[in-house]
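Dumped query.cif below, it's mmCIF, C-alpha atoms and all ligand atoms:
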```cif
data_query
#
loop_
_atom_site.label_atom_id
_atom_site.label_comp_id
_atom_site.auth_asym_id
_atom_site.auth_seq_id
_atom_site.Cartn_x
_atom_site.Cartn_y
_atom_site.Cartn_z
CA MET A 29 135.24 16.35 16.74
CA PRO A 30 134.89 15.51 20.45
CA THR A 31 135.71 11.98 21.53
CA VAL A 32 133.33 9.62 23.34
CA TYR A 33 133.77 6.15 24.83
CA ASN A 34 132.06 3.29 22.99
CA TRP A 35 132.17 0.10 25.10
CA GLN A 36 130.99 -2.08 22.23
CA ILE A 37 134.16 -1.35 20.25
CA GLY A 38 136.29 -1.10 23.38
CA ARG A 39 137.73 2.34 22.72
CA GLU A 40 137.18 6.04 22.34
CA MET A 41 136.00 7.34 18.99
CA SER A 42 135.11 10.62 17.30
CA TYR A 43 131.51 11.84 17.56
CA PRO A 44 130.20 15.30 16.59
CA HIS A 45 128.52 15.94 19.97
CA GLU A 46 129.75 15.96 23.57
CA GLU A 47 129.16 12.78 25.56
CA ARG A 48 125.87 12.86 27.51
CA HIS A 49 123.70 9.94 28.53
CA PRO A 50 120.08 9.31 29.50
CA GLN A 51 119.01 7.98 32.93
CA TRP A 52 117.52 4.86 31.39
CA GLN A 53 118.10 3.38 27.96
CA PHE A 54 115.53 1.61 25.79
CA ALA A 55 117.10 -1.71 24.73
CA PHE A 56 116.01 -5.06 23.38
CA VAL A 57 117.21 -8.61 22.74
CA PHE A 58 116.04 -10.50 19.64
CA ASN A 59 116.64 -14.21 19.22
CA PRO A 60 116.88 -15.06 15.47
CA ASN A 61 117.19 -18.74 16.43
CA ARG A 62 113.44 -18.64 16.97
CA CYS A 63 112.20 -16.13 14.37
CA ILE A 64 109.85 -17.71 11.81
CA GLY A 65 109.62 -14.67 9.54
CA CYS A 66 105.85 -14.36 9.96
CA GLN A 67 106.00 -10.53 9.81
CA THR A 68 103.38 -10.13 12.54
CA CYS A 69 105.71 -7.60 14.17
CA THR A 70 106.02 -5.71 10.89
CA MET A 71 102.26 -5.45 10.46
CA SER A 72 101.60 -4.54 14.09
CA CYS A 73 103.95 -1.58 13.69
CA LYS A 74 102.54 -0.57 10.32
CA SER A 75 98.94 -0.67 11.51
CA THR A 76 99.87 1.47 14.51
CA TRP A 77 102.14 4.14 13.06
CA THR A 78 102.61 4.10 9.27
CA PHE A 79 99.25 3.45 7.60
CA SER A 80 98.75 6.95 6.15
CA LYS A 81 99.42 8.61 2.81
CA GLY A 82 103.10 9.00 2.02
CA GLN A 83 104.01 6.17 4.37
CA GLU A 84 103.38 3.36 1.90
CA LEU A 85 107.06 2.39 1.69
CA MET A 86 107.76 3.06 5.34
CA TRP A 87 108.47 -0.07 7.43
CA TRP A 88 109.88 0.97 10.80
CA ASN A 89 109.96 -2.71 11.73
CA ASN A 90 111.09 -5.11 9.04
CA VAL A 91 112.22 -8.72 8.95
CA GLU A 92 114.71 -9.64 6.24
CA SER A 93 116.10 -13.04 5.17
CA LYS A 94 119.86 -13.03 5.43
CA PRO A 95 122.21 -13.15 3.61
CA TYR A 96 120.44 -11.74 0.51
CA GLY A 97 117.47 -9.85 1.90
CA GLY A 98 117.59 -6.30 3.14
CA TYR A 99 115.43 -3.23 3.54
CA PRO A 100 116.50 -1.05 1.84
CA GLN A 101 118.15 -3.51 -0.48
CA HIS A 102 121.77 -4.43 0.41
CA TRP A 103 121.95 -1.72 3.11
CA ASP A 104 124.59 -3.52 5.17
CA ALA A 105 126.72 -4.83 2.29
CA LYS A 106 126.83 -1.30 0.87
CA LEU A 107 127.95 0.25 4.12
CA LEU A 108 130.57 -2.42 4.75
CA ALA A 109 131.91 -1.75 1.25
CA LEU A 110 132.09 2.01 1.92
CA LEU A 111 134.01 1.43 5.15
CA GLU A 112 136.37 -0.99 3.43
CA GLU A 113 136.99 1.58 0.72
CA ALA A 114 137.77 4.20 3.38
CA ASN A 115 140.14 1.92 5.30
CA PRO A 116 141.23 -0.94 3.02
CA GLY A 117 142.20 -4.19 4.73
CA LYS A 118 142.14 -2.72 8.23
CA GLN A 119 138.54 -3.14 9.39
CA ALA A 120 139.56 -5.67 12.02
CA TRP A 121 139.06 -6.53 15.69
CA ASP A 122 141.70 -7.36 18.25
CA ALA A 123 139.67 -9.82 20.32
CA SER A 124 142.60 -10.59 22.63
CA GLN A 125 142.19 -7.29 24.52
CA LYS A 126 138.98 -8.36 26.29
CA ASP A 127 137.74 -6.93 29.55
CA HIS A 128 134.35 -8.10 30.87
CA ASP A 129 133.05 -4.60 31.63
CA LYS A 130 135.04 -2.03 29.63
CA GLN A 131 135.61 -3.90 26.36
CA PRO A 132 133.73 -7.22 26.41
CA TYR A 133 134.32 -8.03 22.74
CA GLY A 134 137.90 -6.70 22.52
CA VAL A 135 138.93 -3.61 20.56
CA PHE A 136 137.78 -2.69 17.07
CA GLU A 137 140.86 -1.30 15.37
CA GLY A 138 139.22 -0.21 12.13
CA MET A 139 137.20 2.92 11.37
CA THR A 140 133.66 3.61 12.52
CA ILE A 141 131.33 5.66 10.31
CA PHE A 142 132.35 8.75 12.32
CA ASP A 143 136.10 8.07 12.09
CA ALA A 144 135.76 7.44 8.37
CA ALA A 145 133.80 10.67 7.74
CA GLU A 146 136.41 12.69 9.63
CA LYS A 147 139.42 11.10 8.00
CA LYS A 148 138.05 10.88 4.48
CA PRO A 149 136.06 14.07 3.77
CA ARG A 150 133.97 14.08 0.61
CA THR A 151 134.38 16.57 -2.18
CA ASP A 152 130.62 17.17 -2.50
CA GLY A 153 130.06 18.47 1.05
CA ALA A 154 130.96 17.57 4.61
CA GLN A 155 129.55 14.42 6.18
CA GLN A 156 129.38 13.76 9.92
CA ALA A 157 128.93 10.02 9.42
CA LEU A 158 129.97 7.93 6.44
CA GLY A 159 126.84 6.80 4.63
CA TYR A 160 124.82 6.85 1.45
CA LEU A 161 121.30 7.73 0.34
CA PRO A 162 119.50 4.65 -1.02
CA ALA A 163 117.86 5.06 -4.43
CA ASP A 164 114.03 5.03 -4.53
CA ASP A 165 113.84 1.51 -5.97
CA GLU A 166 115.88 0.12 -3.07
CA TRP A 167 112.98 0.92 -0.72
CA ARG A 168 110.31 -0.72 -2.86
CA SER A 169 110.59 -4.34 -1.75
CA PRO A 170 110.53 -4.73 2.02
CA ASN A 171 110.82 -8.50 1.86
CA ILE A 172 112.96 -9.15 -1.20
CA HIS A 173 114.75 -12.53 -1.32
CA GLU A 174 112.45 -13.91 1.37
CA ASP A 175 113.56 -17.37 2.55
CA THR A 176 116.31 -17.56 -0.09
CA PRO A 177 119.18 -19.66 1.21
CA THR A 178 122.83 -19.62 0.27
CA GLY A 179 125.46 -22.36 0.32
CA ASP A 180 126.31 -25.45 -1.62
CA HIS A 181 122.98 -27.13 -2.38
CA PHE A 182 124.69 -30.10 -4.01
CA GLN A 183 127.23 -30.78 -1.32
CA SER A 184 126.52 -34.50 -1.06
CA ALA A 185 124.44 -37.22 -2.59
CA ASP A 186 122.44 -37.30 0.62
CA GLN A 187 121.45 -33.74 -0.05
CA PHE A 188 119.30 -32.98 2.93
CA GLY A 189 120.99 -35.15 5.52
CA GLY A 190 124.36 -33.79 4.43
CA ASN A 191 123.33 -30.21 4.82
CA VAL A 192 121.71 -30.02 8.21
CA GLN A 193 124.58 -31.00 10.49
CA LEU A 194 125.43 -28.60 13.26
CA PRO A 195 127.62 -26.73 14.15
CA GLU A 196 127.10 -25.01 10.76
CA HIS A 197 124.61 -25.84 8.03
CA LYS A 198 126.02 -25.92 4.52
CA VAL A 199 122.84 -24.39 3.13
CA TRP A 200 121.50 -21.61 5.31
CA PHE A 201 119.52 -18.46 5.77
CA PHE A 202 117.96 -16.78 8.78
CA HIS A 203 115.44 -14.09 9.59
CA LEU A 204 116.81 -10.83 10.91
CA ALA A 205 114.14 -8.69 12.56
CA ARG A 206 115.07 -5.03 12.74
CA ILE A 207 113.83 -1.78 14.22
CA CYS A 208 115.65 1.46 15.07
CA ASN A 209 118.35 0.67 17.62
CA HIS A 210 117.88 3.94 19.52
CA CYS A 211 121.65 4.15 19.41
CA THR A 212 123.80 5.69 22.11
CA TYR A 213 125.69 7.67 19.44
CA PRO A 214 123.10 7.90 16.66
CA GLY A 215 124.35 8.42 13.11
CA CYS A 216 121.01 10.05 12.23
CA LEU A 217 121.33 12.62 15.02
CA ALA A 218 124.96 13.36 14.16
CA SER A 219 124.08 14.01 10.52
CA CYS A 220 121.12 16.36 10.95
CA PRO A 221 122.10 19.94 10.03
CA ARG A 222 118.89 21.28 11.65
CA ASN A 223 119.43 19.61 15.06
CA ALA A 224 115.95 18.19 14.60
CA ILE A 225 116.86 14.80 16.07
CA TYR A 226 117.21 14.32 19.81
CA LYS A 227 117.64 11.56 22.36
CA ARG A 228 115.22 11.67 25.28
CA PRO A 229 117.02 12.03 28.62
CA GLU A 230 114.50 9.81 30.43
CA ASP A 231 114.73 6.69 28.24
CA GLY A 232 117.25 7.25 25.42
CA VAL A 233 114.57 7.05 22.71
CA VAL A 234 115.69 8.85 19.52
CA LEU A 235 113.02 11.06 17.94
CA ILE A 236 112.74 13.48 15.03
CA ASP A 237 111.13 16.83 15.85
CA GLN A 238 108.74 17.15 12.91
CA SER A 239 108.50 20.94 13.30
CA ARG A 240 112.26 21.35 12.83
CA CYS A 241 112.77 18.76 10.07
CA ARG A 242 113.11 20.18 6.55
CA GLY A 243 113.48 16.83 4.80
CA TYR A 244 117.16 17.17 3.80
CA ARG A 245 117.45 13.39 4.31
CA LYS A 246 120.90 13.72 5.90
CA CYS A 247 119.64 11.36 8.63
CA VAL A 248 118.67 8.78 6.01
CA GLU A 249 122.21 9.04 4.67
CA GLY A 250 123.85 8.97 8.12
CA CYS A 251 121.93 6.13 9.76
CA PRO A 252 124.00 3.03 8.99
CA TYR A 253 120.96 0.80 9.65
CA LYS A 254 118.76 2.89 7.32
CA LYS A 255 116.07 3.29 9.94
CA THR A 256 115.02 6.85 9.21
CA MET A 257 112.69 7.13 6.22
CA TYR A 258 111.53 10.03 4.08
CA ARG A 259 107.84 10.83 3.68
CA PRO A 260 107.16 12.70 0.43
CA THR A 261 103.71 14.00 1.44
CA THR A 262 105.03 15.96 4.42
CA ARG A 263 108.61 16.36 3.11
CA THR A 264 109.99 15.28 6.45
CA SER A 265 111.76 12.18 7.70
CA GLU A 266 110.17 9.81 10.17
CA LYS A 267 111.37 6.91 12.25
CA CYS A 268 110.48 4.37 14.94
CA VAL A 269 109.28 6.17 18.07
CA ALA A 270 109.70 3.12 20.35
CA CYS A 271 105.92 3.31 21.00
CA PHE A 272 106.78 5.94 23.61
CA PRO A 273 103.25 6.29 25.02
CA ARG A 274 103.47 2.62 26.00
CA LEU A 275 106.96 3.13 27.43
CA GLU A 276 105.49 5.92 29.54
CA GLY A 277 102.82 3.53 30.86
CA LYS A 278 100.01 5.46 29.20
CA ASP A 279 98.16 2.49 27.72
CA PRO A 280 95.70 1.52 30.48
CA THR A 281 94.73 -1.71 28.74
CA VAL A 282 98.29 -2.97 29.14
CA SER A 283 99.47 -1.06 32.21
CA PRO A 284 96.62 -0.48 34.67
CA THR A 285 99.04 0.93 37.26
CA GLY A 286 100.97 3.08 34.75
CA ALA A 287 104.04 0.83 34.53
CA PRO A 288 106.10 0.91 31.29
CA ALA A 289 104.99 -1.52 28.58
CA GLU A 290 106.78 -3.10 25.64
CA THR A 291 106.32 -1.75 22.10
CA ARG A 292 103.66 -3.08 19.72
CA CYS A 293 106.14 -5.10 17.64
CA MET A 294 107.54 -6.78 20.77
CA SER A 295 104.09 -7.57 22.17
CA ALA A 296 102.90 -9.09 18.89
CA CYS A 297 105.82 -11.47 18.33
CA VAL A 298 104.46 -14.92 17.55
CA GLY A 299 107.82 -16.70 17.73
CA LYS A 300 108.58 -15.30 21.20
CA ILE A 301 111.92 -14.02 19.98
CA ARG A 302 111.73 -10.57 21.58
CA LEU A 303 112.45 -9.19 25.00
CA GLN A 304 112.47 -5.44 25.50
CA GLY A 305 113.55 -3.49 28.51
CA LEU A 306 114.95 -0.33 30.01
CA VAL A 307 118.45 -0.43 31.45
CA LYS A 308 119.75 1.96 34.09
CA MET A 309 122.66 4.08 32.88
CA ASN A 310 125.61 5.56 34.76
CA GLU A 311 126.57 9.13 33.96
CA ASP A 312 129.60 7.96 31.97
CA GLY A 313 127.44 5.89 29.60
CA THR A 314 128.18 2.49 31.13
CA TRP A 315 125.27 0.31 32.21
CA ALA A 316 124.68 0.43 35.95
CA SER A 317 125.26 -3.03 37.39
CA ASP A 318 121.82 -4.65 37.71
CA PRO A 319 122.22 -8.42 37.27
CA LYS A 320 118.55 -9.12 38.06
CA ASN A 321 117.41 -6.97 35.13
CA PRO A 322 116.92 -9.49 32.27
CA LEU A 323 118.47 -7.18 29.66
CA PHE A 324 121.54 -6.52 31.80
CA TYR A 325 121.77 -10.22 32.56
CA LEU A 326 121.65 -11.36 28.93
CA VAL A 327 123.77 -8.61 27.37
CA ARG A 328 126.35 -7.61 29.98
CA GLU A 329 126.49 -10.44 32.51
CA ARG A 330 126.21 -13.49 30.23
CA GLN A 331 127.08 -11.84 26.89
CA ILE A 332 124.75 -14.16 25.05
CA ALA A 333 123.19 -11.32 23.02
CA LEU A 334 125.37 -9.14 20.79
CA PRO A 335 124.99 -5.76 19.06
CA LEU A 336 124.26 -5.61 15.33
CA TYR A 337 127.33 -4.38 13.41
CA PRO A 338 129.02 -2.82 16.46
CA GLN A 339 131.88 -1.74 14.19
CA PHE A 340 129.66 0.97 12.68
CA GLY A 341 130.23 2.83 15.95
CA THR A 342 126.75 4.06 16.89
CA GLU A 343 126.55 1.75 19.94
CA PRO A 344 123.18 0.30 18.93
CA ASN A 345 120.87 -0.78 21.76
CA GLY A 346 119.42 -3.76 19.90
CA TYR A 347 121.10 -7.11 20.70
CA TYR A 348 120.85 -10.51 19.00
CA ILE A 349 121.46 -14.10 20.04
CA PRO A 350 123.37 -15.31 16.96
CA PRO A 351 121.63 -18.09 14.96
CA ARG A 352 123.71 -21.14 15.68
CA TRP A 353 123.60 -22.89 12.27
CA VAL A 354 125.11 -19.98 10.33
CA PRO A 355 128.82 -19.86 9.30
CA ARG A 356 130.81 -18.18 12.03
CA SER A 357 132.67 -15.84 9.67
CA TYR A 358 129.36 -14.34 8.53
CA LEU A 359 128.12 -13.96 12.09
CA THR A 360 131.37 -12.44 13.30
CA GLN A 361 131.19 -9.79 10.61
CA MET A 362 127.61 -9.04 11.70
CA PHE A 363 127.85 -9.28 15.50
CA GLY A 364 131.58 -8.97 16.30
CA PRO A 365 133.97 -11.37 18.02
CA GLY A 366 131.60 -12.40 20.83
CA VAL A 367 129.83 -14.90 18.56
CA GLU A 368 131.55 -18.15 19.68
CA HIS A 369 130.96 -17.40 23.34
CA ALA A 370 127.30 -16.51 22.74
CA ILE A 371 126.58 -19.62 20.68
CA GLU A 372 128.32 -21.89 23.15
CA GLN A 373 126.10 -20.63 25.96
CA TYR A 374 122.93 -20.77 23.90
CA SER A 375 123.66 -24.33 22.75
CA CYS A 376 123.56 -25.62 26.32
CA PRO A 377 122.15 -22.98 28.66
CA ASP A 378 122.73 -23.53 32.36
CA ARG A 379 119.87 -23.61 34.81
CA GLU A 380 119.67 -19.87 35.47
CA LEU A 381 120.06 -18.83 31.83
CA LEU A 382 117.39 -21.30 30.70
CA ALA A 383 114.96 -19.82 33.21
CA VAL A 384 115.63 -16.23 32.10
CA LEU A 385 115.15 -17.21 28.44
CA GLN A 386 111.53 -18.10 29.32
CA LEU A 387 110.77 -14.40 29.83
CA PHE A 388 110.73 -13.71 26.09
CA ARG A 389 107.22 -12.58 25.19
CA ALA A 390 105.77 -13.79 28.44
CA ASN A 391 104.18 -10.46 29.31
CA ARG A 392 103.44 -7.04 27.82
CA GLN A 393 104.72 -4.96 30.71
CA ILE A 394 108.47 -4.40 30.85
CA VAL A 395 110.24 -6.68 33.31
CA PHE A 396 112.72 -4.71 35.43
CA ARG A 397 113.67 -7.54 37.80
CA PHE A 398 113.47 -11.32 37.80
CA GLU A 399 113.62 -13.96 40.50
CA ILE A 400 113.92 -17.73 40.07
CA GLU A 401 112.15 -20.31 42.25
CA PRO A 402 113.88 -23.70 42.04
CA GLY A 403 111.83 -26.64 40.78
CA MET A 404 112.21 -30.42 40.43
CA LYS A 405 114.73 -32.04 38.11
CA VAL A 406 112.74 -33.22 35.08
CA GLY A 407 115.36 -34.70 32.80
CA GLU A 408 118.80 -34.91 31.27
CA VAL A 409 119.79 -34.50 27.62
CA GLU A 410 123.03 -35.01 25.71
CA VAL A 411 123.90 -31.86 23.78
CA THR A 412 126.43 -31.62 20.94
CA MET A 413 128.42 -28.46 21.49
CA PRO A 414 129.85 -26.23 18.73
CA ASP A 415 133.27 -27.90 19.13
CA GLY A 416 131.70 -31.33 18.44
CA LYS A 417 132.04 -32.57 22.05
CA THR A 418 128.96 -33.66 23.97
CA LYS A 419 127.75 -32.20 27.23
CA THR A 420 125.03 -33.37 29.59
CA GLN A 421 122.36 -30.78 30.29
CA GLU A 422 120.30 -31.24 33.42
CA LEU A 423 116.79 -29.81 33.16
CA PHE A 424 114.91 -28.39 36.13
CA ASN A 425 111.35 -27.14 36.11
CA ASP A 426 112.26 -23.81 37.68
CA THR A 427 109.86 -20.87 37.76
CA VAL A 428 110.98 -17.43 36.65
CA ILE A 429 109.04 -14.48 38.07
CA GLY A 430 109.10 -11.02 36.47
CA TYR A 431 108.41 -7.72 38.26
CA ASN A 432 107.49 -4.39 36.64
CA LYS A 433 108.91 -0.95 37.38
CA PHE A 434 106.87 -0.69 40.59
CA ASP A 435 108.08 -4.12 41.73
CA GLU A 436 104.65 -5.64 41.15
CA GLU A 437 104.71 -9.27 39.99
CA VAL A 438 103.53 -9.33 36.38
CA VAL A 439 104.56 -12.74 35.11
CA ARG A 440 105.39 -16.25 36.31
CA VAL A 441 106.61 -18.89 33.83
CA THR A 442 107.90 -22.42 34.32
CA VAL A 443 110.69 -23.95 32.25
CA GLU A 444 108.53 -26.94 31.39
CA GLU A 445 105.52 -25.85 29.42
CA PRO A 446 102.34 -26.97 31.19
CA THR A 447 99.98 -29.21 29.24
CA PHE A 448 96.22 -29.33 29.66
CA GLU A 449 93.97 -32.21 28.74
CA ARG A 450 90.47 -31.27 27.68
CA PRO A 451 87.76 -33.26 29.42
CA ALA A 452 86.09 -35.90 27.26
CA GLU A 453 82.68 -34.21 27.21
CA VAL A 454 81.24 -32.80 23.99
CA HIS A 455 81.96 -29.09 23.39
CA VAL A 456 80.05 -26.70 21.19
CA ASN A 457 81.92 -26.22 17.89
CA SER A 458 84.09 -29.26 18.51
CA ILE A 459 84.25 -32.43 16.47
S1 LIG A 501 119.34 2.96 14.20
FE1 LIG A 501 119.60 4.70 12.81
S2 LIG A 501 117.71 5.89 13.09
FE2 LIG A 501 117.91 4.56 14.88
S3 LIG A 501 119.03 5.83 16.40
FE3 LIG A 501 120.54 4.54 15.31
S4 LIG A 501 121.29 5.89 13.70
FE4 LIG A 501 119.33 6.79 14.39
S1 LIG A 502 106.60 -11.55 14.92
FE1 LIG A 502 108.42 -12.45 15.90
S2 LIG A 502 108.62 -14.47 14.87
FE2 LIG A 502 107.27 -13.23 13.56
S3 LIG A 502 108.69 -12.23 12.10
FE3 LIG A 502 108.43 -10.80 13.80
S4 LIG A 502 110.19 -11.21 15.13
FE4 LIG A 502 109.96 -13.01 13.77
#
```
Will you turn the file into structure tokens for me?
Amino acid sequence: MPTVYNWQIGREMSYPHEERHPQWQFAFVFNPNRCIGCQTCTMSCKSTWTFSKGQELMWWNNVESKPYGGYPQHWDAKLLALLEEANPGKQAWDASQKDHDKQPYGVFEGMTIFDAAEKKPRTDGAQQALGYLPADDEWRSPNIHEDTPTGDHFQSADQFGGNVQLPEHKVWFFHLARICNHCTYPGCLASCPRNAIYKRPEDGVVLIDQSRCRGYRKCVEGCPYKKTMYRPTTRTSEKCVACFPRLEGKDPTVSPTGAPAETRCMSACVGKIRLQGLVKMNEDGTWASDPKNPLFYLVRERQIALPLYPQFGTEPNGYYIPPRWVPRSYLTQMFGPGVEHAIEQYSCPDRELLAVLQLFRANRQIVFRFEIEPGMKVGEVEVTMPDGKTKTQELFNDTVIGYNKFDEEVVRVTVEEPTFERPAEVHVNSI
């Protein structure tokens, strides 16, 4: 197999195709600290793309309650177990070898799904990526174990007060919203024997060519996130298409000047947990330095948002701000060794970071550049940091301004939410 460089694991790795990268890459940041599990995103996707016959069990966007929930059921626990079986006791990171640009989380010294497939060939046929095909019943319950917490419910006599202390809650769960990560090294693409899956050179979106697909379901097996799904009525596999007509600026209701727009699931998010963007890529697959692009700023500059299971090796382009009440060992397994740093920053964001965080769900067009206008100081708060020490956070009512691809201003948000008082007159339909 050729080798490619994967910056998320800080090293080269095997991949069945030569390294080649798009000009721009579709990417997103989700903030599970704010997700309320309302499933509005899930339904906005379903009502747009998967409402037809044969797509009944197809949820390109899903939101699962961790640690027990999953769609398909136990997808991540099963893959972690397969990797552990392939490389017992050695699926570990060396976080000491950090480099801000080349290997920001250190080096993953275990096996990725591609390393494991190469080093541990199966007897029942070659695999390009270690994986498994979920059984039919594992796809039947998109929201199984909803809101089911784990932990010691009877930790103290003062049951509730004893369980809600930061830095980690003793009883916990959180909502993990998921879509296809439009990976840099997709497991689905690597596994397809028909070369039916391709990555678009203009935006890195991963698509399945329906005319080439024969429904072998190798992509379903090879995607570690289980984000390709089989449709029995057409006998082909389907997956998230990143709402590409909107990315191309072809929805005039959202983009009157033809500028790229966010996907339906991003636009619909009630909890304002989602920020989607396009990041400029260098030819070698690194992100071109662009610190005024909100995605670049959050992921590469500040490292507050982390990839989901980077150790799988696909270099997913979905990033998460880790939920700060969850045990660190669980989060580190899920998001890698950058968790402490990310949570520390999120617990007490500085002035600039706090302003950029206001861009989540502020507008439907994609923000390519932000500017911050300084505002008045509006307060000070004492914040308890993850190490138990307190820190004073100064709050300023700054304004963050977002610009679209054509450098047109599309959004302006202040840190302090404005309040409006309705006049005292009588309104129709009011009491
Ligand atoms: S998340 Fe899965 S389906 Fe999406 S690009 Fe990555 S490997 Fe393919
Ligand atoms: S719409 Fe937003 S808040 Fe609601 S479940 Fe989806 S990601 Fe979470």
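Nearest to ligand LIG 501 (chain A) of all the residues A:Asp318, A:Glu343, A:Glu47, A:Asp165 is A:Glu343, based on all atoms listed in the file.
Minimum atom-to-atom distances from A:Glu196, A:Asp312, A:Asp143, A:Glu249 to ligand LIG 501 (chain A) were compared using all atoms listed in the file, and the lowest value belongs to A:Glu249.
Neighbouring residues of ligand LIG 501 (chain A) at a cut-off of 7 Å, counting only C-alpha atoms and all ligand atoms, are Cys208, Asn209, His210, Cys211, Pro214, Gly215, Cys216, Leu217, Val234, Gly250, Cys251, Pro252, Tyr253, Lys254, Lys255, Thr256, Lys267, Thr342 and Pro344 of chain A.
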Cut-off 10 Å: closest chain A/ligand LIG 502 (chain A) atom pairs per residue, using all atoms listed in the file, as a tab-separated table:
```
residue	atom	partner	partner_atom	distance
A:Phe58	CA	A:LIG502	S4	7.4
A:Asn59	CA	A:LIG502	S4	8.2
A:Pro60	CA	A:LIG502	FE4	7.4
A:Asn61	CA	A:LIG502	FE4	9.6
A:Arg62	CA	A:LIG502	S2	6.7
A:Cys63	CA	A:LIG502	FE4	3.9
A:Ile64	CA	A:LIG502	S2	4.6
A:Gly65	CA	A:LIG502	S3	3.7
A:Cys66	CA	A:LIG502	FE2	4.0
A:Gln67	CA	A:LIG502	S3	3.9
A:Thr68	CA	A:LIG502	S1	4.2
A:Cys69	CA	A:LIG502	S1	4.1
A:Thr70	CA	A:LIG502	FE3	6.3
A:Met71	CA	A:LIG502	S1	8.7
A:Ser72	CA	A:LIG502	S1	8.7
A:Asn89	CA	A:LIG502	FE3	8.5
A:Asn90	CA	A:LIG502	FE3	7.9
A:Val91	CA	A:LIG502	S3	5.9
A:Glu92	CA	A:LIG502	S3	8.8
A:His203	CA	A:LIG502	FE4	7.0
A:Leu204	CA	A:LIG502	FE4	7.7
A:Ala205	CA	A:LIG502	S4	5.3
A:Arg206	CA	A:LIG502	S4	8.2
A:Cys293	CA	A:LIG502	S1	7.0
A:Met294	CA	A:LIG502	FE1	7.5
A:Ser295	CA	A:LIG502	S1	8.6
A:Ala296	CA	A:LIG502	S1	6.0
A:Cys297	CA	A:LIG502	S1	3.5
A:Val298	CA	A:LIG502	S1	4.8
A:Gly299	CA	A:LIG502	S2	3.7
A:Lys300	CA	A:LIG502	FE1	6.0
A:Ile301	CA	A:LIG502	FE1	5.6
A:Arg302	CA	A:LIG502	S4	6.7
A:Arg389	CA	A:LIG502	FE1	9.4
```
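Using all atoms listed in the file, the nearest neighbour of Thr314 in chain A within the list A:Gly159, A:Ser80, A:Val439, A:Arg328 is A:Arg328.
Between CA of Arg222 in chain A and CA of Arg240 in chain A the interatomic distance comes to 6.7 Å.
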Using all atoms listed in the file, determine which residues lie at most 6 Å from Pro260 in chain A, disregarding the query and same-chain residues fewer than 2 positions distant; provide the list as a compact mmCIF listing (two decimals) with C-alpha atoms, keeping the file's coordinate frame.
```txt
# COMPACT_ATOMS: atom_id res chain seq x y z
CA GLY A 82 103.10 9.00 2.02
CA THR A 262 105.03 15.96 4.42
CA ARG A 263 108.61 16.36 3.11
```
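Between CA of Phe388 in chain A and CA of Phe434 in chain A there is a distance of 19.9 Å.
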Test item: which residues lie within 12 Å of (119.6, -12.3, 36.0) counting all atoms listed in the file, as a count of residues only: 33
Separation of CA of Phe136 in chain A from CA of Gln53 in chain A, in Å and rounded to one decimal: 23.3 Å
